Structures are given as C-alpha cells and as structure tokens.
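Visitor: Can you read through this structure? Questions will come right after.
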Amino acid sequence: MSITQSFKSFALLGAEWVMWILIILSLISVTIMIERAIYFFRKQPDVNEIIQKVKEKIANGKGFKDAGEYLNSIKGIAPVIAASALSDAEKGINAVEETAQSSRIREKMKLEKNLAFLGTVGNNAPFIGLFGTVIGVIQAFHDLSLNSTGGASTVMSGISEALVATAIGLLVALPAVVAYNTFSRKIKSIMGDSDALLHTILSEINSQNSKK
C-alpha cells in the first residue's frame, strides 16, 4: 500500500475525532484562563502605596527591619521580590541585586505558568481545524465516488460538515490568543511594578550607605 493510499485510509476514518481534540483543548484552555485570572487578581497590591510606606519605614531610623516586616505582610509579586532583596541589605548592594534577580526569575516563572499552552493552542488550533476540514473533504469526495448519482449535493453536504472543524478551530484559538496576550501584558505590568519597588529599595540602600 502506497503512502497516499495509507493516508486516504486514515482520512476516511472521518474528522469527528479532530473536533473532539479541539473540544478537549478548549476545555483545558478555559480551565487555565480561569485559574490564571484568579491568580492575577490576587496579585494586585497598590505599589505606589507600598513604595511610600517602604520609604517611611526605612527613614524612621530603624534600618531595613521594619520595611522587611511590612513587605512580608503583603501578598503579591512585587512585595515578595522586594522583601527578598531587603533580607540581604546588610550584605551590600551587590548581594541585594543578585538576590532580587534570583527572586524575580522565580516569581516570573510562577506568573507564566501554563501560558505557553495557551499560546500553543492559539497558534495551532486553526491548523488542527483545517486538518479536520481537509480530512472531511477527502471523505466527501470519496463518498461521491461511491455514490455518483448523488451529484453535487453529496459533496456539498460533506464539505459543509468538514468546514465545521475549521470553525471550531477558530473558536478555540481566538479566546486562547486573547487570554495569552492579556496575561502577557499583565505580567509586564506586574514585573514593571516590581522593578519600580526594587529600584526604590536600591536607592534607599545607597542613601543609607552614603550616610555611614
């Protein structure tokens, strides 16, 4: 049996299984979207307020202890990175920067959890749907060859059913793309806030060191 005949035999199995794959991918994508939305919703402290309070606590003459305790009491990516940096304040500015960078990488990985799946689904679901459509078209013409009396109606009926796979692929891809882009922008915003808070702390550390 030639490769062409082998693929034709495979195609004649129908495109329904492709649609089931798309439905499963859609369900997984929706689950990830909900989980990520909840996660990001819980990670939105007011960074401007935090920066102001950190400055006040560092300036009160008690060093960085009060500021560290305050940051540890707040939930969020920016406070976690800042608190990690402050924990090494006594070791010098280089130690603070290295600790902050390490913490930043860890927290960013948490933010990006499962986003690669959404990106992959968004980019490839239309192609999976198109593959299902191609299979459906092959099956439609095969049915026509077995029932030539049916004429164009036989082909049109099969092709219309095959096009459903492409439609499903697009329906699966669009929400995944929107969610991926939305979450990616949110990650940039969160990391930007984290960097702003971190630079404030580095500035205060330099200021305190210059006074010694």
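Residues in the structure tokens are numbered from 1 in each chain, the chains being A, B, ... in the order shown, and ligands are numbered from 1 in the order shown.
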Would you please give, as number ranges by chain, all residues of range 27-184 of chain A that DSSP assigns to alpha helix (DSSP H) based on the backbone?

Guide: A: 27-41, 47-58, 65-72, 77-86, 93-111, 115-146, 152-184

Visitor: Excluding range 92-102 of chain A and residues on its chain fewer than 4 positions from it, collect all residues at most 6 Å away from it, counting only C-alpha atoms, and give them as a list in words.

Guide: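 These residues fall inside the cut-off: Ile81, Ala85 and Asp88 of chain A.
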
Visitor: Selection from above, N, CA and C atoms, as a PDB file, in the first residue's frame, can you write it?

Guide:
```
ATOM      1  N   ILE A  81       9.486  40.036  45.957  1.00  0.00           N
ATOM      2  CA  ILE A  81      10.816  40.316  45.401  1.00  0.00           C
ATOM      3  C   ILE A  81      11.539  41.359  46.246  1.00  0.00           C
ATOM      4  N   ALA A  85      14.984  41.011  48.501  1.00  0.00           N
ATOM      5  CA  ALA A  85      16.142  41.894  48.338  1.00  0.00           C
ATOM      6  C   ALA A  85      16.560  42.510  49.674  1.00  0.00           C
ATOM      7  N   ASP A  88      18.909  40.812  52.344  1.00  0.00           N
ATOM      8  CA  ASP A  88      20.367  40.841  52.201  1.00  0.00           C
ATOM      9  C   ASP A  88      20.919  42.259  52.205  1.00  0.00           C
TER      10      ASP A  88
END
```

Visitor: Under the rule that only C-alpha atoms are counted, which of A:Ala67, A:Met156, A:Ala89, A:Ile38 is the nearest residue to Ile205 in chain A?

Guide: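 Nearest candidate to Ile205 in chain A out of A:Ala67, A:Met156, A:Ala89, A:Ile38: A:Ala89.
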
Visitor: Can you list, as JSON, numbers by chain, every protein, DNA or RNA residue that comes within 10 Å of Phe64 in chain A when you count only C-alpha atoms, leaving out same-chain residues fewer than 3 positions away?

Guide: {"A": [54, 55, 57, 58, 59, 60, 61, 67, 68, 69, 70, 83, 86, 87, 88, 89, 90, 201, 204, 205, 208]}

Visitor: Can I get the selected residues back with C-alpha atoms, as a PDB file, in the first residue's frame?

Guide:
```pdb
ATOM      1  CA  VAL A  54       8.756  51.494  52.499  1.00  0.00           C
ATOM      2  CA  LYS A  55      10.437  54.903  52.257  1.00  0.00           C
ATOM      3  CA  LYS A  57       9.816  52.855  57.372  1.00  0.00           C
ATOM      4  CA  ILE A  58      13.404  52.985  56.148  1.00  0.00           C
ATOM      5  CA  ALA A  59      13.627  56.652  57.067  1.00  0.00           C
ATOM      6  CA  ASN A  60      12.383  56.121  60.630  1.00  0.00           C
ATOM      7  CA  GLY A  61      15.897  55.249  61.794  1.00  0.00           C
ATOM      8  CA  ALA A  67      10.404  47.703  55.905  1.00  0.00           C
ATOM      9  CA  GLY A  68      11.156  43.982  55.534  1.00  0.00           C
ATOM     10  CA  GLU A  69       8.465  43.001  58.037  1.00  0.00           C
ATOM     11  CA  TYR A  70       5.973  45.252  56.264  1.00  0.00           C
ATOM     12  CA  ALA A  83      11.370  41.564  50.763  1.00  0.00           C
ATOM     13  CA  LEU A  86      15.881  43.587  51.732  1.00  0.00           C
ATOM     14  CA  SER A  87      16.813  40.375  53.518  1.00  0.00           C
ATOM     15  CA  ASP A  88      20.367  40.841  52.201  1.00  0.00           C
ATOM     16  CA  ALA A  89      20.553  44.600  52.730  1.00  0.00           C
ATOM     17  CA  GLU A  90      23.339  44.253  55.283  1.00  0.00           C
ATOM     18  CA  ILE A 201      14.836  49.990  47.764  1.00  0.00           C
ATOM     19  CA  GLU A 204      17.350  53.852  49.822  1.00  0.00           C
ATOM     20  CA  ILE A 205      20.142  51.351  50.488  1.00  0.00           C
ATOM     21  CA  GLN A 208      21.768  54.813  53.859  1.00  0.00           C
TER      22      GLN A 208
END
```

Visitor: Which residue gives the smallest distance to Glu112 in chain A among A:Ser184, A:Ser189, A:Ala196, A:Ile34, with only C-alpha atoms counted?

Guide: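 With only C-alpha atoms as the atom set, the closest residue is A:Ser184.
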
Visitor: From the set A:Val178, A:Ile28, A:Val47, A:Ala165, which residue has the shortest atom-to-atom contact distance to Gly192 in chain A, counting only C-alpha atoms?

Guide: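 Looking only at the distances to Gly192 in chain A, the closest residue turns out to be A:Val47.
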
Visitor: Leaving out Ala179 in chain A and any residue of its chain fewer than 3 positions from it, which residues lie within 8 Å of it when counting only C-alpha atoms, given as number ranges by chain?

Guide: A: 33, 118, 175-176, 182-183

Visitor: Using only C-alpha atoms, can you tell me which of A:Ser207, A:Val121, A:Leu163, A:Leu202 comes closest to Leu27 in chain A?

Guide: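 With only C-alpha atoms as the atom set, the closest residue is A:Val121.
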
Visitor: Which one of A:Leu115, A:Ile128, A:Val134, A:Ile159 sits closest to Leu171 in chain A if you count only C-alpha atoms?

Guide: A:Ile128

Visitor: Give me, as a PDB file with N, CA and C atoms, in the first residue's frame, all polymer residues having an atom no more than 9 Å from Val18 in chain A, counting only C-alpha atoms and skipping those fewer than 3 positions away in the same chain.

Guide:
```pdb
ATOM      1  N   GLY A  14     -12.739   9.748   9.159  1.00  0.00           N
ATOM      2  CA  GLY A  14     -13.602  10.882   9.480  1.00  0.00           C
ATOM      3  C   GLY A  14     -12.884  11.936  10.311  1.00  0.00           C
ATOM      4  N   ALA A  15     -13.501  13.115  10.408  1.00  0.00           N
ATOM      5  CA  ALA A  15     -12.898  14.250  11.107  1.00  0.00           C
ATOM      6  C   ALA A  15     -13.470  14.466  12.506  1.00  0.00           C
ATOM      7  N   ILE A  21     -10.673  16.523  19.766  1.00  0.00           N
ATOM      8  CA  ILE A  21      -9.394  17.054  20.236  1.00  0.00           C
ATOM      9  C   ILE A  21      -9.509  18.549  20.496  1.00  0.00           C
ATOM     10  N   LEU A  22     -10.151  19.263  19.569  1.00  0.00           N
ATOM     11  CA  LEU A  22     -10.329  20.702  19.722  1.00  0.00           C
ATOM     12  C   LEU A  22     -11.188  21.034  20.938  1.00  0.00           C
ATOM     13  N   ILE A  23     -12.218  20.246  21.170  1.00  0.00           N
ATOM     14  CA  ILE A  23     -13.080  20.478  22.331  1.00  0.00           C
ATOM     15  C   ILE A  23     -12.296  20.266  23.632  1.00  0.00           C
ATOM     16  N   ILE A 128      -5.254  22.753  13.289  1.00  0.00           N
ATOM     17  CA  ILE A 128      -5.876  21.469  13.622  1.00  0.00           C
ATOM     18  C   ILE A 128      -7.267  21.402  13.006  1.00  0.00           C
ATOM     19  N   GLY A 129      -8.010  22.521  13.107  1.00  0.00           N
ATOM     20  CA  GLY A 129      -9.330  22.577  12.493  1.00  0.00           C
ATOM     21  C   GLY A 129      -9.261  22.427  10.988  1.00  0.00           C
ATOM     22  N   PHE A 131      -6.962  20.856   9.355  1.00  0.00           N
ATOM     23  CA  PHE A 131      -6.641  19.462   9.097  1.00  0.00           C
ATOM     24  C   PHE A 131      -7.912  18.616   9.101  1.00  0.00           C
ATOM     25  N   GLY A 132      -8.787  18.895  10.076  1.00  0.00           N
ATOM     26  CA  GLY A 132     -10.060  18.181  10.116  1.00  0.00           C
ATOM     27  C   GLY A 132     -10.901  18.451   8.881  1.00  0.00           C
ATOM     28  N   ALA A 165     -15.104  21.855  11.334  1.00  0.00           N
ATOM     29  CA  ALA A 165     -13.833  21.661  12.051  1.00  0.00           C
ATOM     30  C   ALA A 165     -13.008  22.947  12.044  1.00  0.00           C
TER      31      ALA A 165
END
```

Visitor: Have a look at A:Ile138, A:Ile74, A:Val164, A:Ala125 and name the one nearest to Ser26 in chain A; count only C-alpha atoms.

Guide: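 Ranked by minimum distance to Ser26 in chain A, first place goes to A:Ala125.
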